[in-house]
Structure formats: C-alpha cells, structure tokens
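Engineer: This one is final14.cif, mmCIF, C-alpha atoms and all ligand atoms.
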```cif
data_protein
#
loop_
_atom_site.group_PDB
_atom_site.id
_atom_site.type_symbol
_atom_site.label_atom_id
_atom_site.label_comp_id
_atom_site.auth_asym_id
_atom_site.auth_seq_id
_atom_site.Cartn_x
_atom_site.Cartn_y
_atom_site.Cartn_z
ATOM 1 C CA MET A 1 -0.546 2.448 -123.436
ATOM 2 C CA ARG A 2 -3.507 0.358 -122.233
ATOM 3 C CA VAL A 3 -5.494 1.232 -119.126
ATOM 4 C CA PHE A 4 -7.375 -1.356 -117.065
ATOM 5 C CA PRO A 5 -9.956 -1.003 -114.301
ATOM 6 C CA ASP A 6 -7.713 -2.580 -111.689
ATOM 7 C CA LEU A 7 -4.530 -4.539 -110.980
ATOM 8 C CA GLU A 8 -6.269 -7.866 -111.601
ATOM 9 C CA ALA A 9 -7.243 -6.936 -115.147
ATOM 10 C CA LEU A 10 -3.825 -5.358 -115.708
ATOM 11 C CA SER A 11 -2.139 -8.561 -114.526
ATOM 12 C CA HIS A 12 -4.185 -10.743 -116.887
ATOM 13 C CA ALA A 13 -3.246 -8.466 -119.806
ATOM 14 C CA ALA A 14 0.395 -8.683 -118.735
ATOM 15 C CA ALA A 15 0.185 -12.491 -118.607
ATOM 16 C CA GLU A 16 -1.213 -12.529 -122.145
ATOM 17 C CA ALA A 17 1.645 -10.245 -123.251
ATOM 18 C CA VAL A 18 4.240 -12.576 -121.693
ATOM 19 C CA VAL A 19 2.639 -15.619 -123.363
ATOM 20 C CA HIS A 20 2.611 -13.847 -126.725
ATOM 21 C CA ALA A 21 6.237 -12.719 -126.376
ATOM 22 C CA ALA A 22 7.274 -16.273 -125.505
ATOM 23 C CA GLU A 23 5.431 -17.716 -128.511
ATOM 24 C CA GLU A 24 7.089 -15.145 -130.782
ATOM 25 C CA ALA A 25 10.557 -15.773 -129.343
ATOM 26 C CA VAL A 26 10.525 -19.565 -129.494
ATOM 27 C CA ALA A 27 9.139 -19.434 -133.032
ATOM 28 C CA GLU A 28 12.434 -17.776 -134.008
ATOM 29 C CA ARG A 29 14.893 -19.658 -131.758
ATOM 30 C CA PRO A 30 14.612 -22.119 -128.911
ATOM 31 C CA ARG A 31 14.831 -19.529 -126.128
ATOM 32 C CA PHE A 32 12.645 -17.003 -124.346
ATOM 33 C CA ALA A 33 14.752 -14.705 -122.189
ATOM 34 C CA LEU A 34 12.516 -12.881 -119.719
ATOM 35 C CA VAL A 35 13.655 -10.226 -117.236
ATOM 36 C CA LEU A 36 11.500 -10.132 -114.110
ATOM 37 C CA ALA A 37 10.645 -6.915 -112.297
ATOM 38 C CA GLY A 38 10.820 -6.545 -108.552
ATOM 39 C CA GLY A 39 8.599 -4.679 -106.153
ATOM 40 C CA SER A 40 4.968 -5.512 -105.473
ATOM 41 C CA THR A 41 3.109 -4.718 -108.711
ATOM 42 C CA PRO A 42 4.178 -7.839 -110.669
ATOM 43 C CA ARG A 43 3.295 -10.232 -107.814
ATOM 44 C CA ARG A 44 -0.197 -10.954 -109.172
ATOM 45 C CA LEU A 45 1.200 -11.438 -112.693
ATOM 46 C CA TYR A 46 3.644 -14.053 -111.380
ATOM 47 C CA GLU A 47 0.821 -15.855 -109.570
ATOM 48 C CA LEU A 48 -1.192 -15.930 -112.804
ATOM 49 C CA LEU A 49 1.776 -17.268 -114.806
ATOM 50 C CA ALA A 50 2.044 -20.068 -112.239
ATOM 51 C CA GLY A 51 -1.718 -20.641 -112.324
ATOM 52 C CA PRO A 52 -4.182 -20.236 -115.213
ATOM 53 C CA TYR A 53 -1.451 -19.306 -117.717
ATOM 54 C CA ARG A 54 1.038 -22.002 -116.599
ATOM 55 C CA ASP A 55 0.435 -24.368 -119.484
ATOM 56 C CA ARG A 56 0.647 -21.630 -122.102
ATOM 57 C CA LEU A 57 4.373 -21.029 -121.567
ATOM 58 C CA PRO A 58 7.227 -23.162 -122.977
ATOM 59 C CA TRP A 59 8.992 -23.443 -119.609
ATOM 60 C CA ALA A 60 11.684 -25.792 -120.933
ATOM 61 C CA GLN A 61 12.836 -22.951 -123.211
ATOM 62 C CA VAL A 62 12.431 -20.080 -120.758
ATOM 63 C CA HIS A 63 15.335 -18.292 -119.065
ATOM 64 C CA VAL A 64 14.559 -15.787 -116.314
ATOM 65 C CA PHE A 65 16.767 -12.936 -115.206
ATOM 66 C CA TRP A 66 16.205 -9.991 -112.877
ATOM 67 C CA GLY A 67 16.184 -6.300 -113.648
ATOM 68 C CA ASP A 68 17.361 -5.536 -110.152
ATOM 69 C CA GLU A 69 17.825 -7.091 -106.748
ATOM 70 C CA ARG A 70 18.164 -5.933 -103.199
ATOM 71 C CA CYS A 71 21.352 -7.098 -101.469
ATOM 72 C CA VAL A 72 19.537 -9.207 -98.901
ATOM 73 C CA PRO A 73 19.247 -12.968 -98.398
ATOM 74 C CA PHE A 74 16.785 -14.591 -100.788
ATOM 75 C CA GLU A 75 14.428 -15.634 -97.981
ATOM 76 C CA VAL A 76 14.008 -12.042 -96.794
ATOM 77 C CA PRO A 77 10.645 -10.576 -97.938
ATOM 78 C CA ALA A 78 12.434 -7.681 -99.661
ATOM 79 C CA SER A 79 14.215 -10.098 -102.022
ATOM 80 C CA ASN A 80 12.942 -9.829 -105.595
ATOM 81 C CA TYR A 81 14.220 -13.347 -106.249
ATOM 82 C CA GLY A 82 12.489 -14.619 -103.119
ATOM 83 C CA MET A 83 9.175 -13.087 -104.182
ATOM 84 C CA ALA A 84 9.428 -14.588 -107.674
ATOM 85 C CA ARG A 85 10.356 -18.012 -106.289
ATOM 86 C CA GLU A 86 7.405 -17.954 -103.878
ATOM 87 C CA THR A 87 4.830 -16.750 -106.425
ATOM 88 C CA LEU A 88 6.090 -18.321 -109.660
ATOM 89 C CA LEU A 89 9.324 -20.269 -109.873
ATOM 90 C CA ARG A 90 8.575 -23.032 -107.362
ATOM 91 C CA HIS A 91 5.275 -23.749 -109.163
ATOM 92 C CA VAL A 92 6.455 -24.191 -112.762
ATOM 93 C CA PRO A 93 8.696 -26.744 -114.534
ATOM 94 C CA LEU A 94 11.471 -24.242 -115.227
ATOM 95 C CA PRO A 95 14.885 -25.970 -115.148
ATOM 96 C CA GLU A 96 16.981 -24.622 -112.254
ATOM 97 C CA GLU A 97 19.901 -23.895 -114.591
ATOM 98 C CA GLN A 98 17.616 -21.530 -116.517
ATOM 99 C CA ILE A 99 16.872 -19.399 -113.462
ATOM 100 C CA HIS A 100 19.506 -16.685 -113.186
ATOM 101 C CA PRO A 101 19.213 -14.731 -109.922
ATOM 102 C CA MET A 102 21.564 -11.856 -109.231
ATOM 103 C CA PRO A 103 24.146 -13.490 -106.896
ATOM 104 C CA VAL A 104 23.726 -11.048 -104.008
ATOM 105 C CA GLU A 105 23.974 -13.816 -101.403
ATOM 106 C CA GLY A 106 27.411 -14.984 -102.427
ATOM 107 C CA TYR A 107 29.330 -11.782 -103.038
ATOM 108 C CA PRO A 108 29.686 -8.157 -101.922
ATOM 109 C CA PRO A 109 27.652 -5.894 -104.246
ATOM 110 C CA GLU A 110 30.454 -4.830 -106.613
ATOM 111 C CA GLN A 111 31.622 -8.427 -107.097
ATOM 112 C CA ALA A 112 28.040 -9.651 -107.483
ATOM 113 C CA ALA A 113 27.500 -7.044 -110.199
ATOM 114 C CA ALA A 114 30.652 -8.156 -112.025
ATOM 115 C CA ALA A 115 29.629 -11.821 -111.725
ATOM 116 C CA TYR A 116 26.154 -11.141 -113.126
ATOM 117 C CA GLU A 117 27.585 -9.053 -115.937
ATOM 118 C CA GLU A 118 29.842 -11.977 -116.857
ATOM 119 C CA LEU A 119 26.831 -14.328 -116.756
ATOM 120 C CA LEU A 120 24.951 -12.016 -119.138
ATOM 121 C CA HIS A 121 27.867 -11.833 -121.572
ATOM 122 C CA THR A 122 28.162 -15.623 -121.499
ATOM 123 C CA PHE A 123 24.439 -15.921 -122.182
ATOM 124 C CA ALA A 124 24.686 -13.362 -124.967
ATOM 125 C CA ALA A 125 27.460 -15.404 -126.590
ATOM 126 C CA THR A 126 25.255 -18.502 -126.680
ATOM 127 C CA ARG A 127 22.597 -16.654 -128.658
ATOM 128 C CA PRO A 128 24.465 -14.261 -130.953
ATOM 129 C CA GLU A 129 21.455 -13.844 -133.158
ATOM 130 C CA GLY A 130 18.644 -11.695 -131.838
ATOM 131 C CA PRO A 131 18.334 -9.619 -128.667
ATOM 132 C CA LEU A 132 19.905 -10.454 -125.321
ATOM 133 C CA PHE A 133 16.445 -10.404 -123.724
ATOM 134 C CA ASP A 134 13.155 -10.981 -125.467
ATOM 135 C CA LEU A 135 11.056 -9.147 -122.887
ATOM 136 C CA VAL A 136 11.917 -6.951 -119.915
ATOM 137 C CA LEU A 137 9.226 -6.419 -117.275
ATOM 138 C CA LEU A 138 9.592 -3.119 -115.422
ATOM 139 C CA GLY A 139 7.833 -1.271 -112.651
ATOM 140 C CA LEU A 140 7.848 2.463 -112.070
ATOM 141 C CA GLY A 141 8.498 4.226 -108.803
ATOM 142 C CA ALA A 142 6.538 7.324 -107.814
ATOM 143 C CA ASP A 143 9.831 9.214 -108.316
ATOM 144 C CA GLY A 144 10.261 7.883 -111.863
ATOM 145 C CA HIS A 145 12.839 5.235 -111.014
ATOM 146 C CA THR A 146 12.753 1.881 -112.708
ATOM 147 C CA ALA A 147 14.656 -1.261 -111.791
ATOM 148 C CA SER A 148 17.087 0.309 -109.321
ATOM 149 C CA LEU A 149 17.950 3.250 -111.550
ATOM 150 C CA PHE A 150 17.075 6.375 -109.584
ATOM 151 C CA PRO A 151 16.748 9.984 -110.744
ATOM 152 C CA GLU A 152 19.606 10.912 -108.424
ATOM 153 C CA ASP A 153 21.875 8.611 -110.463
ATOM 154 C CA ALA A 154 21.728 10.813 -113.575
ATOM 155 C CA PRO A 155 21.077 7.907 -115.937
ATOM 156 C CA HIS A 156 22.971 9.532 -118.770
ATOM 157 C CA LEU A 157 26.145 9.302 -116.685
ATOM 158 C CA ALA A 158 25.986 5.513 -116.443
ATOM 159 C CA PRO A 159 28.939 3.884 -118.208
ATOM 160 C CA LYS A 160 27.716 2.667 -121.567
ATOM 161 C CA ASP A 161 29.814 -0.503 -121.443
ATOM 162 C CA ARG A 162 28.411 -1.734 -118.126
ATOM 163 C CA TRP A 163 25.400 -4.024 -117.981
ATOM 164 C CA VAL A 164 25.117 -4.438 -114.194
ATOM 165 C CA GLN A 165 25.846 -1.949 -111.453
ATOM 166 C CA ALA A 166 25.903 -2.005 -107.659
ATOM 167 C CA VAL A 167 23.980 1.022 -106.412
ATOM 168 C CA THR A 168 22.976 2.593 -103.130
ATOM 169 C CA ALA A 169 19.353 3.677 -103.397
ATOM 170 C CA PRO A 170 18.256 7.024 -101.950
ATOM 171 C CA PRO A 171 17.369 6.878 -98.232
ATOM 172 C CA ARG A 172 13.634 6.503 -98.894
ATOM 173 C CA HIS A 173 14.188 3.175 -100.667
ATOM 174 C CA VAL A 174 15.203 0.457 -98.241
ATOM 175 C CA PRO A 175 16.989 -1.907 -98.524
ATOM 176 C CA ARG A 176 19.381 0.630 -100.044
ATOM 177 C CA GLU A 177 22.120 -1.694 -101.302
ATOM 178 C CA ARG A 178 21.069 -3.089 -104.656
ATOM 179 C CA LEU A 179 22.178 -4.432 -108.012
ATOM 180 C CA THR A 180 20.549 -3.146 -111.169
ATOM 181 C CA LEU A 181 20.716 -3.715 -114.875
ATOM 182 C CA THR A 182 21.915 -0.530 -116.528
ATOM 183 C CA LEU A 183 20.000 1.219 -119.285
ATOM 184 C CA SER A 184 22.511 -0.287 -121.740
ATOM 185 C CA ALA A 185 21.483 -3.772 -120.618
ATOM 186 C CA LEU A 186 17.762 -3.017 -120.469
ATOM 187 C CA ASN A 187 17.959 -1.602 -123.981
ATOM 188 C CA GLU A 188 19.520 -4.841 -125.265
ATOM 189 C CA ALA A 189 15.982 -6.212 -125.054
ATOM 190 C CA ARG A 190 13.571 -6.614 -127.922
ATOM 191 C CA ASP A 191 10.616 -5.227 -125.946
ATOM 192 C CA ALA A 192 9.968 -3.634 -122.554
ATOM 193 C CA LEU A 193 6.680 -3.759 -120.680
ATOM 194 C CA PHE A 194 5.938 -1.332 -117.848
ATOM 195 C CA LEU A 195 3.368 -2.491 -115.300
ATOM 196 C CA VAL A 196 2.130 0.434 -113.215
ATOM 197 C CA ALA A 197 -0.724 0.558 -110.719
ATOM 198 C CA GLY A 198 -1.845 3.000 -108.048
ATOM 199 C CA ALA A 199 -2.638 6.714 -107.874
ATOM 200 C CA GLU A 200 0.751 7.444 -106.321
ATOM 201 C CA LYS A 201 2.348 6.633 -109.692
ATOM 202 C CA ARG A 202 0.203 9.061 -111.689
ATOM 203 C CA GLU A 203 2.648 11.950 -111.743
ATOM 204 C CA ALA A 204 5.547 9.671 -112.655
ATOM 205 C CA VAL A 205 3.521 8.207 -115.540
ATOM 206 C CA ARG A 206 2.767 11.699 -116.788
ATOM 207 C CA ALA A 207 6.427 12.789 -116.475
ATOM 208 C CA VAL A 208 7.812 9.715 -118.245
ATOM 209 C CA TYR A 209 5.140 8.682 -120.723
ATOM 210 C CA HIS A 210 3.652 12.076 -121.609
ATOM 211 C CA ASP A 211 6.506 14.511 -120.936
ATOM 212 C CA ALA A 212 9.544 12.235 -121.564
ATOM 213 C CA ASP A 213 11.342 13.968 -118.691
ATOM 214 C CA ALA A 214 15.025 13.236 -119.410
ATOM 215 C CA ALA A 215 15.914 13.467 -115.718
ATOM 216 C CA LEU A 216 13.977 10.262 -115.063
ATOM 217 C CA PRO A 217 15.645 6.908 -115.780
ATOM 218 C CA ALA A 218 12.427 5.299 -117.037
ATOM 219 C CA THR A 219 12.390 7.825 -119.886
ATOM 220 C CA HIS A 220 15.617 6.318 -121.215
ATOM 221 C CA VAL A 221 14.249 2.785 -121.611
ATOM 222 C CA HIS A 222 14.498 2.338 -125.390
ATOM 223 C CA PRO A 223 14.603 -1.372 -126.262
ATOM 224 C CA GLN A 224 15.202 -2.503 -129.808
ATOM 225 C CA ARG A 225 11.541 -2.681 -130.809
ATOM 226 C CA ARG A 226 8.940 -1.252 -128.472
ATOM 227 C CA VAL A 227 7.983 -0.080 -124.994
ATOM 228 C CA ARG A 228 4.447 -0.846 -123.859
ATOM 229 C CA TRP A 229 2.660 0.431 -120.784
ATOM 230 C CA LEU A 230 -0.074 -1.416 -118.884
ATOM 231 C CA LEU A 231 -1.683 0.773 -116.226
ATOM 232 C CA ASP A 232 -4.627 0.635 -113.920
ATOM 233 C CA GLU A 233 -7.025 3.594 -113.988
ATOM 234 C CA ALA A 234 -5.575 4.976 -110.770
ATOM 235 C CA ALA A 235 -2.128 5.319 -112.337
ATOM 236 C CA SER A 236 -3.213 6.595 -115.731
ATOM 237 C CA ALA A 237 -2.007 10.157 -116.028
ATOM 238 C CA LEU A 238 -4.338 13.071 -115.421
ATOM 239 C CA GLU A 239 -5.889 14.171 -118.688
HETATM 240 C C1 LIG B 301 12.414 -2.849 -107.020
HETATM 241 C C2 LIG B 301 11.820 -2.679 -108.382
HETATM 242 C C3 LIG B 301 11.403 -1.258 -108.557
HETATM 243 C C4 LIG B 301 9.903 -1.306 -108.603
HETATM 244 C C5 LIG B 301 9.305 0.059 -108.402
HETATM 245 C C6 LIG B 301 7.790 -0.068 -108.244
HETATM 246 O O1 LIG B 301 13.247 -3.753 -106.851
HETATM 247 O O2 LIG B 301 11.979 -2.111 -106.118
HETATM 248 O O3 LIG B 301 12.538 -3.159 -109.378
HETATM 249 O O4 LIG B 301 11.902 -0.638 -109.716
HETATM 250 O O5 LIG B 301 9.491 -1.845 -109.855
HETATM 251 O O6 LIG B 301 9.865 0.584 -107.205
HETATM 252 O O7 LIG B 301 7.564 -0.854 -107.088
HETATM 253 P P1 LIG B 301 6.082 -1.339 -106.715
HETATM 254 O O8 LIG B 301 5.669 -2.287 -107.792
HETATM 255 O O9 LIG B 301 6.253 -2.032 -105.378
HETATM 256 O O10 LIG B 301 5.238 -0.111 -106.666
#
```
For this file, produce the structure as structure tokens.
Structural biologist:
Amino acid sequence: MRVFPDLEALSHAAAEAVVHAAEEAVAERPRFALVLAGGSTPRRLYELLAGPYRDRLPWAQVHVFWGDERCVPFEVPASNYGMARETLLRHVPLPEEQIHPMPVEGYPPEQAAAAYEELLHTFAATRPEGPLFDLVLLGLGADGHTASLFPEDAPHLAPKDRWVQAVTAPPRHVPRERLTLTLSALNEARDALFLVAGAEKREAVRAVYHDADAALPATHVHPQRRVRWLLDEAASALE
C-alpha cells in the first residue's frame, strides 16, 4: 500500500505503475492486456496516460478491456467506455481492434455478458502462455464493492466457470443494470491495482485491506502475482 497526498499524486504513481507493467509484459510477449476501471477515480489517470505518459506506452501492443460496464449507450456520461474514450482512447494511437468494450449497446445484458465472455476466451486462446490480463485496474466503493461485484452478491456464490456476468446493482448504484468481470476473470490477471481516493472510502479500505472482510468482493481479488493499493491520504484507513 502506498499513500499519496492527493488524487493528482496518486494518479501519477498509477501512470508509472501502468507504464512499468506494460514494459514488463511486452518484454515477455508482444502484448499488454490492461483492464480499465470505471467510476470517477481513474479519470485523472487516463488523462495522464493520454498526456505526459503517452509516449511511454507501446500502444501498438496494448489491448484494453473493461472490468465492468453500465448497460447504457456509450455516449451517456455513466458509460465507463465513454469516459475512457473521452479521456484516453481518442487521444492515443491504440488500434481500434485492440479496444474491447463490453458490448452493452448491441445486446440485452445476459447476451452481452455471453458475447464478452466468448471474446475473452478467444483472446485467451491467442496467448496461451502467461496470464489473461497483465494488469487489472480497480476502484473500491464505499460499501466494499469493486467492478460491479457488490457485497449483496455473495461473491463466493459466483459460478467459478463464468468470466462475465450481467448484474443488477443495489438501488443506491444507478444505472443498476451492469456487466462485470467475475472474480474468476479478475483473478486470471498477473497483477491488480486498486486506486482509491476520498474519505468516504476509508472504512471500506480498512475492512478490505486491513481486516480482509470475506463478505466484501474486493477482499477476494487474488490475481496470480500481487495486489497493490494506491490511496490518497483521505482514504487511507484510520490508524
Ligand atoms: C463502476 C466501477 C466501480 C467503481 C467504484 C468506485 O463502474 O462504478 O467499476 O467499481 O470503481 O464504484 O467509484 P469511484 O471511483 O467513482 O469512487
């Protein structure tokens, strides 16, 4: 866990971590598979990756996926894909065929989940060696959710053979209809990186990072190598 004075410093550290993960991945094979987080915290990171860090990433070898998506049109502000396109994807030379949004515009949620799961299995087959994802970026909700895996969903009940699920978020999280990678898919990654900012996240950080509360989905993120946490001071758990 590393704690930074504010979101700006946290976002620069996250950009450095993404650059380093990309360098490590492409040194082993010509691919860097990155899973983008939704919500608001990673917005500044995406702007930095499109700005001062743009030329430090091997965009021709990068593939981007999403950890979750709201079932809304991409141009709607709540769209995780729409936010990433506005802040990052339209500014960098990333080949369109290497951008893999969850297909929530074209299908009802259950079919979109099945289509994305098939896309992931196809991608996995093209790179049998090494992890499915090199780095998964994740946020943390004040209730301990991550991606669109909510405490009410009893993460241990998720089917182990599914990689993508259509979920209805609890009423306090609108839009409620979403797709999410399952813990099985998230844990196919080499590394996971939580980006957490704001005092409202403090209790969730304590419950997940310090107490490993098994009722919280974020506690079950166990990628193949390591989980790292980048926090601002406001979110760092009470001592
Ligand atoms: C989403 C995200 C979600 C997010 C947390 C934190 O689609 O909403 O994937 O898991 O990371 O809710 O959101 P903020 O960064 O906006 O606090």
Engineer: Env of A:Ala22: 8 Å cut, atoms = only C-alpha atoms, seq-sep filter 6 positions within chain, self excluded. Answer as a list in words.
Structural biologist: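 Residues near the query, excluding close chain neighbours: Phe32, Leu57, Pro58, Val62 and Asp134 of chain A.
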Engineer: Between atom CA of A:Arg31 and atom CA of A:His63, measure the distance and give it in Å to one decimal.
Structural biologist: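 That distance, rounded to one decimal, is 7.2 Å.
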Engineer: Tell me which of A:Ala147, A:Ala25, A:Ala142, A:Ala37 sits closest to A:Val208, counting only C-alpha atoms.
Structural biologist: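 Nearest to A:Val208: A:Ala142.
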Engineer: I need the residue nearest A:Leu34 from this list: A:Ala21, A:Ala13, A:Ala115, A:Val164. Use all atoms listed in the file for the distance.
Structural biologist: A:Ala21
Engineer: List the neighbours of A:Trp229 out to 7 Å using all atoms listed in the file; skip same-chain residues closer than 6 positions along the sequence, and give me the result as a PyMOL selection string.
Structural biologist: chain A and resi 1-2+193-195
Engineer: The PyMOL selection byres (((chain A and resi 124-131) around 8) and not hetatm) on the file shown: which residues, as a ChimeraX atom specification?
Structural biologist: /A:120-123,132-134,188-190,224
Engineer: Translate the PyMOL selection byres (((chain A and resi 226) around 9) and not hetatm) into a concrete residue list for this structure, as a ChimeraX atom specification.
Structural biologist: /A:190-193,222-225,227-228
Engineer: Using all atoms of stretch 88-94 of chain A that appear in the file, construct an axis-aligned enclosing box with 5 Å of padding on every side and provide its centre coordinates and edge lengths in Å, rounded to one decimal, as AutoDock Vina command-line options.
Structural biologist:
```
--center_x 8.4 --center_y -22.5 --center_z -111.3 --size_x 16.2 --size_y 18.4 --size_z 17.9
```
Engineer: From the options A:Pro93, A:Pro30, A:Pro217, A:Pro108, which residue's atoms come nearest to A:Pro151, counting all atoms listed in the file?
Structural biologist: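 Closest to A:Pro151, using all atoms listed in the file: A:Pro217.
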Engineer: As a PyMOL selection string, please: every protein or nucleic acid residue near ligand LIG 301 (chain B) (cut-off 9 Å, counting all atoms listed in the file).
Structural biologist: chain A and resi 36-43+66-70+78-80+137-150+173-174+178+180+194-198+200-201
Engineer: Could you tell me how far atom CA of A:Asp211 sits from atom CA of A:Ala235, in Å to one decimal place?
Structural biologist: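 Atom-to-atom, atom CA of A:Ala235 to atom CA of A:Asp211, that is 15.3 Å.
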Engineer: Which residue is closest to A:Ala33? Choose from A:Leu7, A:Val64, A:Met102, A:Ala14 and count all atoms listed in the file.
Structural biologist: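 Of all the options, A:Val64 lies closest to A:Ala33.
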Engineer: With distances taken over all atoms listed in the file, which of A:Ser184, A:Glu152, A:Leu216, A:Glu16 is nearest to A:Pro171?
Structural biologist: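 For A:Pro171, the nearest of the given residues is A:Glu152.
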Engineer: If I take atom CA of A:Ala185 and atom CA of A:Thr87, how far is one from the other in Å, to one decimal?
Structural biologist: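 Value for the atom CA of A:Ala185-atom CA of A:Thr87 distance: 25.4 Å.
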Engineer: Quick one: of A:Glu96, A:Glu47, A:Glu28, A:Asp55, who's nearest to A:Ser11, counting all atoms listed in the file?
Structural biologist: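 Comparing A:Glu96, A:Glu47, A:Glu28, A:Asp55 against A:Ser11, the winner is A:Glu47.
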